[in-house]
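Step one of this worksheet: look at the structure below.
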Amino acid sequence: MDALRYLSVLRLYGADVLLLAAAVTLVTSLLKKTALKRASKKLFVFLPYILGIALYCAYRMLATLSVCPITEEWCETLQNGVAVGSAATLYYVVYEQFFRNKTDGATAVLTPLLEGIVPDEHVEELARILLAECKQTTQEERARFVQETLSRYDCPLGENERAVYCNLVASYLAAFRAE
């Protein structure tokens, strides 16, 4: 999708919805990096909608100085709250597509294997180390190198699980190098 299609979708919403969506996007990003850092990524699919509904509800109650938006006009409030969540999600997608610094292609192939095994702040670093320095020729040497490198990071795996995991990563590295 190109930038013009994103902008045409944003044109459908009103100014109040777009401004509230920007606030929801900022709050969601802030929560993602602080309080909800270890939360499941599935939560962040629904969080903009939940925050959008809550923020739009609060906005309408302040604008009308009554509880009518949640008692009598609840359908319109809910609809516009979901629109805020949708616009916030769209803002995030535009940011991810056009503005965010992406990881280089080489480390991107290894990061899904490392996520959840090492702390998030070390995933990129470990992927770069493994891809750059893992030049061993045999499977055992690669697995040993992965084991030694992984031991420098806080890893929740037990000894047997770690050995299987290191063999998996070593095999993946060998397949990636063969391409």
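Labels for the structure tokens follow display order: chains A, B, ..., residues from 1 in each chain, ligands from 1.
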>> I'd like the neighbourhood of region 87-94 of chain A as a ChimeraX atom specification, where a residue qualifies if any of its atoms comes within 6 Å (using only C-alpha atoms), though same-chain residues fewer than 3 positions away should be ignored.
In response: /A:21,25,84,97-98
Expected file contents, prior selection, N, CA and C atoms, as a tab-separated table (two decimals), in the first residue's frame:
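Output file again_29.tsv is given in full below:
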```tsv
chain	number	residue	atom	x	y	z
A	21	ALA	N	-6.88	9.74	17.94
A	21	ALA	CA	-6.13	8.58	17.48
A	21	ALA	C	-4.63	8.80	17.64
A	25	THR	N	-2.25	6.44	19.83
A	25	THR	CA	-1.02	5.87	19.29
A	25	THR	C	0.16	6.15	20.21
A	84	VAL	N	-11.55	5.66	16.35
A	84	VAL	CA	-10.30	6.17	16.95
A	84	VAL	C	-9.27	5.05	17.00
A	97	GLN	N	5.71	1.31	8.32
A	97	GLN	CA	6.02	1.15	6.91
A	97	GLN	C	7.00	2.19	6.39
A	98	PHE	N	6.87	3.44	6.83
A	98	PHE	CA	7.60	4.51	6.19
A	98	PHE	C	8.67	5.19	7.04
```
> Arg38 (chain A): which residues within 10 Å, counting only C-alpha atoms, same-chain residues fewer than 4 positions away excluded, as a ChimeraX atom specification?
Replying inline: /A:32-34,116,119-120
Could you write out the selected residues, including C-alpha atoms, as a PDB file, in the first residue's frame?
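Result file again.pdb:
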```pdb
ATOM      1  CA  LYS A  32       4.460  -0.918  24.932  1.00  0.00           C
ATOM      2  CA  LYS A  33       7.891   0.376  25.932  1.00  0.00           C
ATOM      3  CA  THR A  34       7.263   0.771  29.673  1.00  0.00           C
ATOM      4  CA  GLY A 116      11.537 -15.101  23.884  1.00  0.00           C
ATOM      5  CA  PRO A 119      15.877 -10.456  26.589  1.00  0.00           C
ATOM      6  CA  ASP A 120      14.360  -8.223  23.907  1.00  0.00           C
TER       7      ASP A 120
END
```
>> I'd like the neighbourhood of Leu113 (chain A) as a PyMOL selection string, where a residue qualifies if any of its atoms comes within 10 Å (using only C-alpha atoms), though same-chain residues fewer than 6 positions away should be ignored.
In response: chain A and resi 123+127+165+168-169+172
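Note that the spacing between CA of Ile53 (chain A) and CA of Phe99 (chain A) amounts to 26.7 Å.
Non-sequential neighbours of Asn80 (chain A) (distance at most 9 Å, separation of 3 or more positions within a chain, only C-alpha atoms) are Val17, Gly52, Ile53, Tyr56, Cys57, Cys75, Glu76, Thr77, Ala83, Val84 and Gly85 of chain A.
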Could those selected residues go to a file with all heavy atoms, as a PDB file, in the first residue's frame?
```pdb
ATOM      1  N   VAL A  17     -11.567  12.645  15.797  1.00  0.00           N
ATOM      2  CA  VAL A  17     -11.153  11.241  15.792  1.00  0.00           C
ATOM      3  C   VAL A  17      -9.664  11.129  15.486  1.00  0.00           C
ATOM      4  O   VAL A  17      -8.933  10.372  16.128  1.00  0.00           O
ATOM      5  CB  VAL A  17     -12.002  10.424  14.787  1.00  0.00           C
ATOM      6  CG1 VAL A  17     -11.426   9.040  14.570  1.00  0.00           C
ATOM      7  CG2 VAL A  17     -13.433  10.328  15.280  1.00  0.00           C
ATOM      8  N   GLY A  52      -9.077   3.678  22.489  1.00  0.00           N
ATOM      9  CA  GLY A  52      -9.844   4.571  21.632  1.00  0.00           C
ATOM     10  C   GLY A  52     -11.265   4.748  22.120  1.00  0.00           C
ATOM     11  O   GLY A  52     -11.783   5.872  22.168  1.00  0.00           O
ATOM     12  N   ILE A  53     -11.893   3.645  22.508  1.00  0.00           N
ATOM     13  CA  ILE A  53     -13.265   3.726  23.025  1.00  0.00           C
ATOM     14  C   ILE A  53     -13.288   4.511  24.328  1.00  0.00           C
ATOM     15  O   ILE A  53     -14.130   5.399  24.517  1.00  0.00           O
ATOM     16  CB  ILE A  53     -13.858   2.314  23.205  1.00  0.00           C
ATOM     17  CG1 ILE A  53     -14.084   1.664  21.840  1.00  0.00           C
ATOM     18  CG2 ILE A  53     -15.155   2.354  24.010  1.00  0.00           C
ATOM     19  CD1 ILE A  53     -14.402   0.181  21.903  1.00  0.00           C
ATOM     20  N   TYR A  56     -12.468   8.287  23.591  1.00  0.00           N
ATOM     21  CA  TYR A  56     -13.563   8.971  22.910  1.00  0.00           C
ATOM     22  C   TYR A  56     -14.745   9.158  23.850  1.00  0.00           C
ATOM     23  O   TYR A  56     -15.409  10.197  23.827  1.00  0.00           O
ATOM     24  CB  TYR A  56     -13.997   8.224  21.648  1.00  0.00           C
ATOM     25  CG  TYR A  56     -14.932   9.066  20.809  1.00  0.00           C
ATOM     26  CD1 TYR A  56     -14.421  10.031  19.956  1.00  0.00           C
ATOM     27  CD2 TYR A  56     -16.310   8.932  20.912  1.00  0.00           C
ATOM     28  CE1 TYR A  56     -15.267  10.838  19.212  1.00  0.00           C
ATOM     29  CE2 TYR A  56     -17.163   9.726  20.177  1.00  0.00           C
ATOM     30  CZ  TYR A  56     -16.640  10.675  19.329  1.00  0.00           C
ATOM     31  OH  TYR A  56     -17.477  11.495  18.600  1.00  0.00           O
ATOM     32  N   CYS A  57     -15.001   8.182  24.674  1.00  0.00           N
ATOM     33  CA  CYS A  57     -16.085   8.288  25.653  1.00  0.00           C
ATOM     34  C   CYS A  57     -15.822   9.453  26.616  1.00  0.00           C
ATOM     35  O   CYS A  57     -16.704  10.275  26.874  1.00  0.00           O
ATOM     36  CB  CYS A  57     -16.226   6.981  26.412  1.00  0.00           C
ATOM     37  SG  CYS A  57     -17.593   6.949  27.558  1.00  0.00           S
ATOM     38  N   CYS A  75     -24.248   4.011  21.162  1.00  0.00           N
ATOM     39  CA  CYS A  75     -23.931   3.384  19.878  1.00  0.00           C
ATOM     40  C   CYS A  75     -22.993   4.280  19.056  1.00  0.00           C
ATOM     41  O   CYS A  75     -22.000   3.815  18.499  1.00  0.00           O
ATOM     42  CB  CYS A  75     -25.214   3.100  19.115  1.00  0.00           C
ATOM     43  SG  CYS A  75     -24.959   2.114  17.637  1.00  0.00           S
ATOM     44  N   GLU A  76     -23.315   5.566  19.006  1.00  0.00           N
ATOM     45  CA  GLU A  76     -22.456   6.517  18.289  1.00  0.00           C
ATOM     46  C   GLU A  76     -21.100   6.645  18.976  1.00  0.00           C
ATOM     47  O   GLU A  76     -20.055   6.711  18.314  1.00  0.00           O
ATOM     48  CB  GLU A  76     -23.145   7.881  18.210  1.00  0.00           C
ATOM     49  CG  GLU A  76     -22.327   8.909  17.464  1.00  0.00           C
ATOM     50  CD  GLU A  76     -22.988  10.279  17.482  1.00  0.00           C
ATOM     51  OE1 GLU A  76     -24.188  10.386  17.811  1.00  0.00           O
ATOM     52  OE2 GLU A  76     -22.274  11.249  17.170  1.00  0.00           O
ATOM     53  N   THR A  77     -21.104   6.662  20.296  1.00  0.00           N
ATOM     54  CA  THR A  77     -19.851   6.752  21.044  1.00  0.00           C
ATOM     55  C   THR A  77     -18.983   5.528  20.793  1.00  0.00           C
ATOM     56  O   THR A  77     -17.778   5.644  20.558  1.00  0.00           O
ATOM     57  CB  THR A  77     -20.133   6.891  22.557  1.00  0.00           C
ATOM     58  OG1 THR A  77     -20.940   8.051  22.763  1.00  0.00           O
ATOM     59  CG2 THR A  77     -18.854   7.013  23.349  1.00  0.00           C
ATOM     60  N   ALA A  83     -13.548   3.851  15.666  1.00  0.00           N
ATOM     61  CA  ALA A  83     -12.892   4.620  14.607  1.00  0.00           C
ATOM     62  C   ALA A  83     -11.575   5.215  15.109  1.00  0.00           C
ATOM     63  O   ALA A  83     -10.577   5.246  14.379  1.00  0.00           O
ATOM     64  CB  ALA A  83     -13.813   5.722  14.100  1.00  0.00           C
ATOM     65  N   VAL A  84     -11.549   5.661  16.355  1.00  0.00           N
ATOM     66  CA  VAL A  84     -10.305   6.168  16.948  1.00  0.00           C
ATOM     67  C   VAL A  84      -9.265   5.051  17.004  1.00  0.00           C
ATOM     68  O   VAL A  84      -8.105   5.242  16.640  1.00  0.00           O
ATOM     69  CB  VAL A  84     -10.556   6.760  18.362  1.00  0.00           C
ATOM     70  CG1 VAL A  84      -9.253   7.033  19.083  1.00  0.00           C
ATOM     71  CG2 VAL A  84     -11.372   8.032  18.266  1.00  0.00           C
ATOM     72  N   GLY A  85      -9.683   3.873  17.436  1.00  0.00           N
ATOM     73  CA  GLY A  85      -8.766   2.730  17.483  1.00  0.00           C
ATOM     74  C   GLY A  85      -8.274   2.335  16.097  1.00  0.00           C
ATOM     75  O   GLY A  85      -7.090   2.021  15.913  1.00  0.00           O
TER      76      GLY A  85
END
```
> Leaving out Leu43 (chain A) and any residue of its chain fewer than 6 positions from it, which residues lie within 12 Å of it when counting only C-alpha atoms, given as a PyMOL selection string?
Replying inline: chain A and resi 28+31-32+36-37+49-51
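Counting only C-alpha atoms, the residue from A:Ala23, A:Gly81, A:Asp16, A:Ala175 that sits nearest to Ala63 (chain A) is A:Asp16.
In this structure, CA of Tyr59 (chain A) sits 13.3 Å away from CA of Glu73 (chain A).
Picture a line from CA of Val146 (chain A) to CA of Leu130 (chain A); it runs 7.0 Å.
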